[in-house]
Every structure is written in C-alpha cells, then in structure tokens.
$ cat upload04.cif   # mmCIF, C-alpha atoms
data_protein
loop_
_atom_site.label_atom_id
_atom_site.label_comp_id
_atom_site.auth_asym_id
_atom_site.auth_seq_id
_atom_site.Cartn_x
_atom_site.Cartn_y
_atom_site.Cartn_z
CA MET A 1 77.07 41.99 66.96
CA LYS A 2 77.04 44.60 64.27
CA LYS A 3 74.43 47.26 64.89
CA ARG A 4 71.91 47.78 62.16
CA LYS A 5 69.92 50.82 61.14
CA LYS A 6 66.17 50.79 61.09
CA SER A 7 64.49 49.23 58.12
CA ARG A 8 60.84 50.17 58.10
CA GLY A 9 60.23 48.42 54.82
CA ARG A 10 61.60 45.18 56.16
CA LEU A 11 59.51 45.24 59.27
CA LEU A 12 56.33 46.12 57.45
CA THR A 13 56.55 42.72 55.83
CA LEU A 14 56.52 41.02 59.19
CA LEU A 15 53.46 40.21 61.22
CA LEU A 16 53.74 42.23 64.38
CA SER A 17 51.76 42.22 67.55
CA LEU A 18 51.08 45.06 69.92
CA ALA A 19 51.18 43.99 73.46
CA ILE A 20 52.29 42.27 71.06
CA ILE A 21 54.13 39.24 70.03
CA ILE A 22 53.53 36.49 67.50
CA SER A 23 52.04 34.09 70.00
CA MET A 24 48.53 33.21 71.08
CA VAL A 25 49.61 31.35 74.23
CA PRO A 26 48.15 32.97 77.36
CA SER A 27 50.40 33.56 80.33
CA ALA A 28 47.92 31.77 82.57
CA ALA A 29 46.00 28.82 81.22
CA PHE A 30 44.24 27.19 84.13
CA ALA A 31 40.51 27.23 84.75
CA GLY A 32 39.59 29.49 87.63
CA GLU A 33 42.48 31.90 87.09
CA LEU A 34 42.57 35.17 85.21
CA GLN A 35 43.98 34.39 81.78
CA TYR A 36 45.99 36.95 79.83
CA GLN A 37 46.52 37.01 76.10
CA THR A 38 48.59 39.31 73.96
CA LEU A 39 46.56 40.76 71.09
CA GLU A 40 47.85 40.09 67.61
CA ILE A 41 47.64 42.78 64.94
CA ASP A 42 49.04 43.67 61.53
CA SER A 43 51.95 46.06 61.18
CA LYS A 44 49.66 48.64 59.53
CA SER A 45 48.31 49.46 62.99
CA LEU A 46 51.75 50.60 64.13
CA ASN A 47 52.64 54.07 62.95
CA GLY A 48 55.50 55.33 65.08
CA ASN A 49 58.89 54.60 66.56
CA ALA A 50 59.31 55.19 70.28
CA ILE A 51 61.12 52.12 71.64
CA TRP A 52 64.88 51.70 71.81
CA GLY A 53 65.48 48.47 69.93
CA MET A 54 67.84 45.65 70.80
CA THR A 55 69.82 46.10 67.57
CA GLU A 56 69.92 49.89 67.77
CA ASP A 57 72.62 52.12 69.14
CA TRP A 58 72.43 55.83 69.71
CA SER A 59 75.51 56.26 67.57
CA ASN A 60 73.39 55.15 64.62
CA ASN A 61 71.63 57.73 62.54
CA ILE A 62 68.16 56.57 63.56
CA THR A 63 64.92 58.49 63.23
CA LEU A 64 62.61 58.79 66.22
CA ASP A 65 59.05 59.95 65.77
CA ARG A 66 58.15 62.79 68.11
CA SER A 67 61.82 63.17 69.13
CA ALA A 68 61.91 60.73 72.03
CA ALA A 69 62.27 57.03 72.75
CA PHE A 70 61.62 54.91 75.84
CA TYR A 71 63.47 51.95 77.25
CA ALA A 72 63.17 49.83 80.37
CA GLN A 73 65.29 49.40 83.44
CA ASP A 74 64.74 45.64 83.66
CA SER A 75 67.16 44.89 80.85
CA ASN A 76 70.83 44.06 81.18
CA ARG A 77 71.54 45.15 77.63
CA ASN A 78 73.93 47.92 76.75
CA GLU A 79 75.89 47.44 79.98
CA GLY A 80 72.79 48.05 82.04
CA LYS A 81 72.08 51.44 80.50
CA GLY A 82 68.72 50.51 79.04
CA GLY A 83 67.09 48.73 76.16
CA LEU A 84 64.15 46.36 76.61
CA PRO A 85 63.94 42.78 77.86
CA VAL A 86 64.79 40.33 75.10
CA ASP A 87 61.28 38.86 75.23
CA GLY A 88 59.70 42.32 75.52
CA ARG A 89 57.93 41.38 78.72
CA LEU A 90 57.20 44.08 81.28
CA THR A 91 55.12 43.57 84.42
CA THR A 92 53.31 46.29 86.35
CA ASP A 93 52.86 46.23 90.12
CA GLY A 94 49.52 44.57 89.54
CA GLU A 95 51.33 41.77 87.69
CA THR A 96 49.64 42.43 84.38
CA PRO A 97 52.07 40.94 81.86
CA TYR A 98 52.90 43.03 78.83
CA GLN A 99 54.84 42.08 75.77
CA LEU A 100 55.77 45.15 73.82
CA THR A 101 56.02 45.51 70.08
CA SER A 102 58.19 42.90 68.44
CA GLY A 103 58.94 41.54 65.01
CA GLY A 104 58.80 37.85 64.24
CA ASP A 105 62.59 37.70 64.31
CA LYS A 106 63.89 38.41 67.81
CA ALA A 107 67.12 39.68 66.29
CA THR A 108 65.19 42.63 64.90
CA ALA A 109 62.71 43.05 67.72
CA TYR A 110 61.67 46.61 68.53
CA ASP A 111 63.09 48.12 65.34
CA GLY A 112 60.94 50.03 62.86
CA ASN A 113 57.38 51.03 63.66
CA ASP A 114 56.89 49.82 67.19
CA CYS A 115 54.02 51.80 68.72
CA ILE A 116 50.88 53.76 67.93
CA TRP A 117 51.45 57.51 68.05
CA LEU A 118 48.50 59.90 68.32
CA HIS A 119 49.13 63.59 67.65
CA SER A 120 47.55 66.62 65.96
CA GLU A 121 47.98 65.12 62.46
CA CYS A 122 46.77 61.66 63.54
CA THR A 123 44.20 61.81 66.33
CA SER A 124 42.68 58.35 65.83
CA VAL A 125 44.08 54.89 65.00
CA THR A 126 42.18 51.59 64.89
CA MET A 127 44.02 48.43 65.83
CA ASP A 128 42.46 45.44 64.03
CA LEU A 129 42.79 42.24 66.04
CA GLN A 130 43.63 38.85 64.63
CA THR A 131 42.98 37.34 68.05
CA ILE A 132 39.28 38.20 67.90
CA GLY A 133 37.82 36.85 71.12
CA VAL A 134 35.93 37.40 74.36
CA TYR A 135 37.56 39.49 77.08
CA LYS A 136 36.55 40.93 80.45
CA LYS A 137 39.36 43.45 80.78
CA ILE A 138 41.68 45.19 78.33
CA TYR A 139 44.92 46.65 79.69
CA VAL A 140 46.50 49.52 77.75
CA LEU A 141 50.10 50.58 78.39
CA ALA A 142 50.51 54.16 77.19
CA THR A 143 51.97 57.56 77.97
CA ALA A 144 51.45 61.20 77.01
CA GLY A 145 53.77 64.06 76.21
CA GLY A 146 53.05 67.72 75.70
CA PRO A 147 50.29 68.62 78.19
CA GLY A 148 52.83 69.57 80.86
CA VAL A 149 52.76 68.78 84.55
CA GLY A 150 49.33 69.47 86.03
CA ASN A 151 47.58 68.88 82.69
CA TYR A 152 46.44 65.82 80.81
CA ALA A 153 45.58 64.51 77.38
CA ARG A 154 42.04 63.15 77.22
CA PHE A 155 42.44 59.61 75.96
CA ARG A 156 39.49 57.65 74.56
CA VAL A 157 39.48 53.89 73.99
CA GLU A 158 36.70 52.37 71.88
CA LEU A 159 36.15 48.61 71.93
CA ASN A 160 34.54 47.48 68.67
CA TYR A 161 32.58 44.20 68.70
CA THR A 162 31.67 41.87 65.86
CA ASP A 163 27.95 42.58 66.32
CA GLY A 164 28.50 46.24 65.42
CA THR A 165 28.23 47.63 68.94
CA LYS A 166 31.04 49.41 70.78
CA GLY A 167 32.05 50.44 74.26
CA LYS A 168 33.78 53.76 75.00
CA THR A 169 36.06 54.66 77.89
CA ASP A 170 37.63 58.08 78.47
CA TYR A 171 40.42 58.62 80.94
CA ARG A 172 43.07 61.16 81.76
CA LEU A 173 46.55 60.48 80.45
CA TYR A 174 48.81 62.82 82.37
CA ASP A 175 52.19 64.02 81.16
CA TRP A 176 54.94 61.38 81.35
CA TYR A 177 56.60 63.46 84.10
CA ASP A 178 53.39 63.94 86.08
CA LEU A 179 52.74 61.44 88.90
CA THR A 180 49.10 62.46 89.47
CA ASP A 181 46.99 59.48 90.54
CA VAL A 182 44.14 58.49 88.21
CA ASN A 183 41.43 56.02 89.17
CA GLY A 184 41.87 52.79 87.19
CA VAL A 185 45.31 53.76 85.92
CA GLU A 186 48.49 52.21 87.31
CA LYS A 187 51.94 53.74 86.93
CA TYR A 188 54.87 51.85 85.46
CA TYR A 189 58.04 53.53 86.72
CA PRO A 190 61.19 51.69 85.60
CA VAL A 191 61.53 53.35 82.21
CA MET A 192 63.86 55.94 80.75
CA ARG A 193 63.12 58.50 78.09
CA LYS A 194 65.85 59.63 75.76
CA GLU A 195 65.88 62.59 73.42
CA ASN A 196 67.30 62.10 69.94
CA SER A 197 68.93 65.52 70.14
CA GLY A 198 72.45 64.89 71.43
CA GLY A 199 71.45 61.54 72.90
CA THR A 200 71.21 62.91 76.44
CA TYR A 201 69.44 61.04 79.22
CA THR A 202 66.39 62.62 80.81
CA GLY A 203 64.52 61.60 83.94
CA LYS A 204 65.26 58.92 86.49
CA MET A 205 64.34 55.26 86.82
CA ASP A 206 62.39 55.71 90.04
CA SER A 207 59.13 57.10 91.35
CA THR A 208 60.41 60.56 92.20
CA GLY A 209 59.70 62.37 88.95
CA GLY A 210 59.16 60.15 85.96
CA PRO A 211 59.12 59.46 83.16
CA ILE A 212 56.38 56.89 83.54
CA LEU A 213 54.17 54.68 81.41
CA GLN A 214 50.57 54.35 82.50
CA SER A 215 48.57 51.12 82.57
CA ALA A 216 44.83 51.66 82.23
CA THR A 217 42.21 48.98 82.85
CA ILE A 218 39.31 49.05 80.38
CA SER A 219 36.16 46.99 81.01
CA ALA A 220 34.97 44.88 78.07
CA ASP A 221 31.71 43.02 77.47
CA PRO A 222 32.48 39.34 78.26
CA GLN A 223 29.51 38.18 76.19
CA LYS A 224 30.68 39.70 72.90
CA LEU A 225 33.54 39.12 70.45
CA LEU A 226 36.03 41.96 70.37
CA LYS A 227 37.35 42.60 66.84
CA SER A 228 39.24 45.90 67.04
CA ILE A 229 40.25 48.75 69.33
CA THR A 230 40.21 52.43 68.37
CA PHE A 231 42.47 54.86 70.22
CA ASN A 232 41.59 58.57 70.15
CA LEU A 233 43.32 61.74 71.25
CA ALA A 234 40.24 63.67 72.35
CA GLY A 235 41.75 66.95 73.56
CA LYS A 236 43.64 68.61 76.40
CA ASN A 237 41.94 68.84 79.78
CA THR A 238 38.34 69.84 79.00
CA ASP A 239 39.08 71.42 75.61
CA ASP A 240 37.88 69.12 72.81
CA ASN A 241 39.59 71.21 70.13
CA TYR A 242 43.04 71.43 71.70
CA VAL A 243 45.41 68.75 70.37
CA SER A 244 48.35 70.86 69.18
CA GLY A 245 51.60 69.78 70.82
CA LEU A 246 50.04 66.68 72.41
CA TYR A 247 51.38 63.16 71.85
CA CYS A 248 50.02 59.85 73.07
CA GLY A 249 52.02 56.65 72.63
CA ILE A 250 50.37 53.23 72.94
CA PHE A 251 53.01 50.54 73.49
CA ALA A 252 51.17 47.42 74.58
CA VAL A 253 47.67 45.98 74.86
CA THR A 254 46.72 42.85 76.79
CA GLY A 255 43.36 41.09 77.11
CA ALA A 256 42.11 39.10 80.10
CA THR A 257 39.25 36.65 80.26
CA PRO A 258 36.79 36.64 83.17
CA SER A 259 38.10 34.94 86.30
CA GLY A 260 36.76 31.41 86.64
CA VAL A 261 36.28 30.66 82.95
CA PRO A 262 37.55 27.35 81.54
CA ALA A 263 40.95 26.96 79.94
CA ALA A 264 41.18 27.50 76.20
CA PRO A 265 40.35 24.36 74.19
CA VAL A 266 42.84 22.62 71.92
CA ALA A 267 41.37 22.35 68.43
CA THR A 268 42.32 19.25 66.45
CA LYS A 269 42.34 18.26 62.80
CA ALA A 270 39.14 18.65 60.78
CA THR A 271 37.57 15.51 59.36
CA LYS A 272 35.44 14.91 56.28
CA GLU A 273 33.21 12.04 55.28
CA GLU A 274 34.62 9.80 52.58
CA GLY A 275 33.66 11.11 49.16
CA GLU A 276 32.53 14.48 50.56
CA THR A 277 32.53 17.11 47.78
CA SER A 278 30.20 19.82 49.14
CA GLY A 279 32.81 21.45 51.35
CA GLU A 280 31.16 20.28 54.57
CA PHE A 281 33.49 19.16 57.36
CA THR A 282 33.53 18.32 61.06
CA ALA A 283 35.38 20.60 63.46
CA ASN A 284 37.01 18.75 66.36
CA TRP A 285 38.59 19.70 69.69
CA ASP A 286 39.63 18.19 73.01
CA VAL A 287 37.33 18.24 76.02
CA VAL A 288 37.90 21.02 78.55
CA GLN A 289 37.33 20.50 82.25
CA ASP A 290 34.44 22.53 83.73
CA ALA A 291 33.12 23.49 80.29
CA THR A 292 29.32 23.39 79.96
CA ASP A 293 29.17 24.57 76.36
CA TYR A 294 31.42 25.51 73.45
CA ARG A 295 31.36 28.33 70.91
CA LEU A 296 32.59 27.87 67.35
CA ASP A 297 33.90 30.40 64.81
CA VAL A 298 34.39 29.50 61.15
CA ALA A 299 36.03 31.91 58.72
CA THR A 300 37.48 32.01 55.22
CA ASP A 301 40.77 33.53 56.43
CA ARG A 302 43.17 32.68 59.25
CA LYS A 303 42.83 36.17 60.73
CA PHE A 304 39.08 35.62 61.22
CA THR A 305 38.24 38.95 59.65
CA HIS A 306 35.69 37.14 57.44
CA ILE A 307 33.67 34.98 59.83
CA LEU A 308 30.69 33.13 58.35
CA ALA A 309 27.42 34.65 59.55
CA ASP A 310 26.06 31.29 60.75
CA TYR A 311 29.27 30.45 62.61
CA ASN A 312 30.08 33.66 64.44
CA ASN A 313 30.38 32.64 68.11
CA LYS A 314 27.95 29.79 67.40
CA GLU A 315 26.65 27.82 70.39
CA VAL A 316 27.28 24.14 69.65
CA GLY A 317 26.56 22.50 73.01
CA LYS A 318 28.63 20.33 75.31
CA VAL A 319 30.31 18.38 72.51
CA THR A 320 33.83 17.94 71.15
CA SER A 321 32.92 17.87 67.46
CA PHE A 322 30.47 19.68 65.25
CA LYS A 323 29.54 19.27 61.59
CA VAL A 324 29.88 22.52 59.67
CA SER A 325 27.39 22.68 56.82
CA GLY A 326 24.69 24.80 55.26
CA LYS A 327 24.74 28.40 54.07
CA GLY A 328 28.15 29.77 53.16
CA ILE A 329 29.85 26.36 52.86
CA SER A 330 31.06 25.56 49.37
CA PRO A 331 33.51 23.13 47.73
CA ASP A 332 37.09 24.06 46.84
CA THR A 333 37.26 26.52 49.75
CA THR A 334 39.64 26.41 52.69
CA TYR A 335 37.95 27.19 56.00
CA TYR A 336 39.46 28.04 59.37
CA TYR A 337 37.93 27.34 62.76
CA ARG A 338 38.58 27.98 66.43
CA VAL A 339 36.67 27.11 69.59
CA ARG A 340 36.03 28.59 73.03
CA ALA A 341 34.88 26.80 76.17
CA VAL A 342 32.03 28.26 78.23
CA ASN A 343 30.79 27.97 81.80
CA SER A 344 28.77 30.15 84.15
CA SER A 345 31.69 32.61 84.48
CA GLY A 346 31.94 33.26 80.74
CA GLN A 347 33.97 32.24 77.71
CA SER A 348 37.58 31.13 77.59
CA LEU A 349 40.29 32.39 75.30
CA SER A 350 40.07 31.12 71.74
CA SER A 351 41.72 27.84 70.84
CA ASN A 352 44.44 27.43 68.29
CA ARG A 353 43.38 27.83 64.66
CA ILE A 354 42.79 24.88 62.35
CA SER A 355 42.47 24.97 58.56
CA THR A 356 40.40 22.42 56.65
CA ASP A 357 42.87 22.30 53.77
CA LEU A 358 45.99 23.98 52.46
CA PRO A 359 45.42 27.71 51.89
CA ILE A 360 44.83 28.81 48.30
CA TRP A 361 48.10 30.74 48.11
CA LEU A 362 50.02 27.59 49.05
CA LYS A 363 48.13 25.38 46.63
CA SER A 364 48.86 27.80 43.80
CA ALA A 365 52.58 27.41 44.51
CA LEU A 366 52.49 23.59 44.39
CA ALA A 367 51.76 20.90 41.88
CA GLU A 368 48.67 18.95 42.92
CA LYS A 369 50.69 15.76 43.24
CA ASP A 370 52.76 17.44 45.96
CA TYR A 371 49.88 18.52 48.20
CA ASP A 372 50.35 15.53 50.51
CA LYS A 373 54.04 16.37 50.96
CA VAL A 374 53.21 19.62 52.74
CA THR A 375 51.87 20.33 56.22
CA TYR A 376 50.34 23.71 56.99
CA ASP A 377 49.94 25.09 60.53
CA ALA A 378 47.18 27.72 60.46
CA ASP A 379 48.00 28.91 63.96
CA THR A 380 51.58 29.92 63.15
CA ASN A 381 51.13 30.32 59.38
CA ARG A 382 54.09 27.99 58.88
CA VAL A 383 54.61 25.47 56.12
CA ILE A 384 56.50 22.21 56.68
CA PHE A 385 57.79 20.31 53.65
CA ASN A 386 57.77 16.57 54.21
CA GLY A 387 59.49 15.72 50.95
CA ASP A 388 60.91 17.19 47.77
CA VAL A 389 58.50 19.46 45.95
CA ILE A 390 58.72 21.76 42.95
CA LEU A 391 57.40 25.27 43.54
CA ASN A 392 55.59 26.99 40.69
CA ASN A 393 57.41 30.13 39.50
#
$ encode --input "upload04.cif" --output "structure tokens"
Amino acid sequence: MKKRKKSRGRLLTLLLSLAIIISMVPSAAFAGELQYQTLEIDSKSLNGNAIWGMTEDWSNNITLDRSAAFYAQDSNRNEGKGGLPVDGRLTTDGETPYQLTSGGDKATAYDGNDCIWLHSECTSVTMDLQTIGVYKKIYVLATAGGPGVGNYARFRVELNYTDGTKGKTDYRLYDWYDLTDVNGVEKYYPVMRKENSGGTYTGKMDSTGGPILQSATISADPQKLLKSITFNLAGKNTDDNYVSGLYCGIFAVTGATPSGVPAAPVATKATKEEGETSGEFTANWDVVQDATDYRLDVATDRKFTHILADYNNKEVGKVTSFKVSGKGISPDTTYYYRVRAVNSSGQSLSSNRISTDLPIWLKSALAEKDYDKVTYDADTNRVIFNGDVILNN
C-alpha cells in the first residue's frame, strides 16, 4: 500500500476518540462485571502527534511534536518492527483495555493529531466528552519526558461533572525511562520510542529500562455525570513553577462503571401521540435485568452538551417508557435521549442515543417529501437513504 504523509486538516474533520475510538460499545456488558467504555471526544482535544501511524513510514517527511513517537510491540506491522495494533487496543497487566487515538477510517488510523501533549507553552488541556456518563474509575494512559531519571512531572487530573463540581487527583508521572513504582500507577512496558532525528531506535521492549507508558487509576464519583476531563502539567517534583523542558503525553482514557451495576439499556424508537404538535414525546427502552430504576437524559444535540435542565440524569422509576414534556420542550425541535439502568451498586453505562426526528442539518438538505425516505442513526451519526432523494444545493 502506498504510504501517505500526514494530513492534519483531513483528520480534523473526523470525529476522533481518545482512549478513543468511534464506538460506545463497552468491552464488558454483563451485569455484575466491571464494564469499560472508551470515551468519545472531538478532535479539538487532540493537539499533538506522538504515535507511529499504520500508514506512516519513517522514510516519509513527517513531523513529530516534541521530537519523539511511540509504538507498540504487540503489532505485526512493518515486519514486526513496531506500529500499533490495527484496532488500537492495548491491554495492561491489570487487563484494562485501551483503544488509542484513531480516526473514523481505519486506513488512516493514528495519523495526524493523535494525543494530548502538555508542555511549557500548553500546561492544561480539557477533553470534552461526548460519552457523558457515570463512572467509578477513570484510567489514564500517559507518559512523561524531560524530568530525567529520579525526577517526575507532577500530573493533575480534574474530573468535571455536570453539576459544576469537580474532583482533583495529583500523581507523579516519572520519566519514560524511569521504572520507579508509584502507588495507583501501573507500567505498560511493550512500547518503543523513536526519535525523528535520523530515525534511530531508542530503548528496549522489556522491563529493564524503558521506555514505558504509565496507567493511572483515578477515582470518580459514581453518583454524578462526568462531562469533561482536564489534564494539567503542574510542575517538576515539588516546584510548581518549573515546567520548562517537561512533556506529558496522554494517549488513552478509559472509563469503568462500578462493579455490580446493571448492563447498559438498549434505547428504542421514540413515540408520539397521534396529532401531537407540542413537541412532547415518549422515550422508550428495553428492560434490563436487575435494574431497580432508570435515569434519563434529554438534550438538543447528539453530543449531549446541551442537556435539558429537567432531564439531566432524571430519575424516572422502574419503567421502560417515559413521557417527556413540560419546560424546555417545544415543537419543530429534534431531541436526543439516552438511558441508564440503576441498582444498589450504582448506574450503568449510557444506552445508545435516539433522536426524536431527523436532525435540522439533514432536514435542510432534503425536500420535505423525502423525509420518509431517510433513516438517521443518532448513535453513529449515519444517514441511510431508502430511496432516491434530491439534495438541496
């Protein structure tokens, strides 16, 4: 296959995910088990290139931010010399599944901006989640360069909730060649680091001297909706003002629900009463075993960045349908909803997303007579044409 150069502009038009893949399917989906979910974000949260992509070759004139790139041992690409797994999935010793940065097209996965880089000119980046939900643990796969062996970058993770509160966790992110043990941080060894200068290999793929990625476990509030995560480079060792020459790369973020919570519900098509013109509708979903209650979110966008105040994690009881009405509901508006199942252990992952109608941008591209020839999937943002239609402009 012909190797291609990076195209940042192309990738910025794609929806990326960090930890990150365009998928909301958890890797474990059975009640009573810890359920993992990759966290979906927009490409604007990614501001650096540090991953050797599947379409890249070191003979290309590629640009690496901060002079180095990482790649994994568990890939058979490039004659076993490196690269990343095709699906981007890495697993630490603790079996936390990670899916690293990827574009929507697997043929261009890992090209362009593929990580969050923190450094002296950019000490803080906020990652806005589209998979706003309830989590017990957040796993961050990161590494640090610059402090030198025996030193560390102070790394701060802020979890921002929809109710305006936040939780802060500081931990030590040692140099990527430093194997110092840190409480709550697990080492990921089978990676290589490659300098752009001359394309020479550095380090070994074993536990004798690095480089390593570090997987930190962050505790979240399982009773609140997490909407974004802020990463901060807070200094070197105990010096708050020292950030010169330090680099922190965040490659993947994974969320986990509390153990013992129900499986995520499956939301189904919204229904409306015949002749309904007020915008009111009924949200529907399938029953979930062991659920004692359900929580409902209703928003005016599929990313759930604009959740209605009266339907933000709303308790709706042990039911499988709920009429959405009242303040904030108006005609000629497309709404989006998702559901979570609840039991004594906490809340499940969010369900798939359902839209009450075609989105406005799609309606504006169609003649009204063609609305019924189109199916829209709010969860994947895909449009299916069920017949011939004429697109406006």
$ closest_residue --input "upload04.cif" --among "A:Asn160, A:Thr131, A:Gln35, A:Ser259" --to "Asp297 (chain A)" --atoms "all atoms listed in the file"
A:Thr131
$ residues_around --input "upload04.cif" --residues "region 240-251 of chain A" --least-positions-apart "2" --cutoff "10 Å" --atoms "only C-alpha atoms" --output "mmCIF file with C-alpha atoms, keeping the file's coordinate frame"
data_model
loop_
_atom_site.group_PDB
_atom_site.id
_atom_site.type_symbol
_atom_site.label_atom_id
_atom_site.label_comp_id
_atom_site.auth_asym_id
_atom_site.auth_seq_id
_atom_site.Cartn_x
_atom_site.Cartn_y
_atom_site.Cartn_z
ATOM 1 C CA LEU A 18 51.080 45.060 69.920
ATOM 2 C CA ALA A 19 51.180 43.990 73.460
ATOM 3 C CA ILE A 20 52.290 42.270 71.060
ATOM 4 C CA LEU A 46 51.750 50.600 64.130
ATOM 5 C CA GLY A 48 55.500 55.330 65.080
ATOM 6 C CA ASN A 49 58.890 54.600 66.560
ATOM 7 C CA ALA A 50 59.310 55.190 70.280
ATOM 8 C CA ILE A 51 61.120 52.120 71.640
ATOM 9 C CA ARG A 66 58.150 62.790 68.110
ATOM 10 C CA PHE A 70 61.620 54.910 75.840
ATOM 11 C CA TYR A 98 52.900 43.030 78.830
ATOM 12 C CA GLN A 99 54.840 42.080 75.770
ATOM 13 C CA LEU A 100 55.770 45.150 73.820
ATOM 14 C CA THR A 101 56.020 45.510 70.080
ATOM 15 C CA ASP A 114 56.890 49.820 67.190
ATOM 16 C CA CYS A 115 54.020 51.800 68.720
ATOM 17 C CA ILE A 116 50.880 53.760 67.930
ATOM 18 C CA TRP A 117 51.450 57.510 68.050
ATOM 19 C CA LEU A 118 48.500 59.900 68.320
ATOM 20 C CA HIS A 119 49.130 63.590 67.650
ATOM 21 C CA SER A 120 47.550 66.620 65.960
ATOM 22 C CA GLU A 121 47.980 65.120 62.460
ATOM 23 C CA CYS A 122 46.770 61.660 63.540
ATOM 24 C CA THR A 123 44.200 61.810 66.330
ATOM 25 C CA VAL A 140 46.500 49.520 77.750
ATOM 26 C CA LEU A 141 50.100 50.580 78.390
ATOM 27 C CA ALA A 142 50.510 54.160 77.190
ATOM 28 C CA THR A 143 51.970 57.560 77.970
ATOM 29 C CA ALA A 144 51.450 61.200 77.010
ATOM 30 C CA GLY A 145 53.770 64.060 76.210
ATOM 31 C CA GLY A 146 53.050 67.720 75.700
ATOM 32 C CA PRO A 147 50.290 68.620 78.190
ATOM 33 C CA GLY A 148 52.830 69.570 80.860
ATOM 34 C CA TYR A 152 46.440 65.820 80.810
ATOM 35 C CA ALA A 153 45.580 64.510 77.380
ATOM 36 C CA ARG A 154 42.040 63.150 77.220
ATOM 37 C CA PHE A 155 42.440 59.610 75.960
ATOM 38 C CA LEU A 173 46.550 60.480 80.450
ATOM 39 C CA TYR A 174 48.810 62.820 82.370
ATOM 40 C CA ASP A 175 52.190 64.020 81.160
ATOM 41 C CA TRP A 176 54.940 61.380 81.350
ATOM 42 C CA LEU A 213 54.170 54.680 81.410
ATOM 43 C CA GLN A 214 50.570 54.350 82.500
ATOM 44 C CA PHE A 231 42.470 54.860 70.220
ATOM 45 C CA ASN A 232 41.590 58.570 70.150
ATOM 46 C CA LEU A 233 43.320 61.740 71.250
ATOM 47 C CA ALA A 234 40.240 63.670 72.350
ATOM 48 C CA GLY A 235 41.750 66.950 73.560
ATOM 49 C CA LYS A 236 43.640 68.610 76.400
ATOM 50 C CA ASN A 237 41.940 68.840 79.780
ATOM 51 C CA THR A 238 38.340 69.840 79.000
ATOM 52 C CA VAL A 253 47.670 45.980 74.860
#
$ atom_distance --input "upload04.cif" --atom1 "CA of Asp181 (chain A)" --atom2 "CA of Arg89 (chain A)"
24.2 Å
$ atom_distance --input "upload04.cif" --atom1 "CA of Lys137 (chain A)" --atom2 "CA of Pro258 (chain A)"
7.7 Å
$ resolve_selection --input "upload04.cif" --expression "the PyMOL selection byres ((chain A and resi 332) around 9)" --output "list of chain:residue names"
A:Thr277, A:Ser278, A:Gly279, A:Ser330, A:Pro331, A:Thr333, A:Thr334
$ write_last_selection --input "upload04.cif" --atoms "C-alpha atoms" --output "compact mmCIF listing (two decimals), in the frame of the given file"
# COMPACT_ATOMS: atom_id res chain seq x y z
CA THR A 277 32.53 17.11 47.78
CA SER A 278 30.20 19.82 49.14
CA GLY A 279 32.81 21.45 51.35
CA SER A 330 31.06 25.56 49.37
CA PRO A 331 33.51 23.13 47.73
CA THR A 333 37.26 26.52 49.75
CA THR A 334 39.64 26.41 52.69
$ resolve_selection --input "upload04.cif" --expression "the PyMOL selection byres ((chain A and resi 386) around 9)" --output "list in words"
Asp372, Lys373, Val374, Thr375, Ile384, Phe385, Gly387, Asp388 and Val389 of chain A
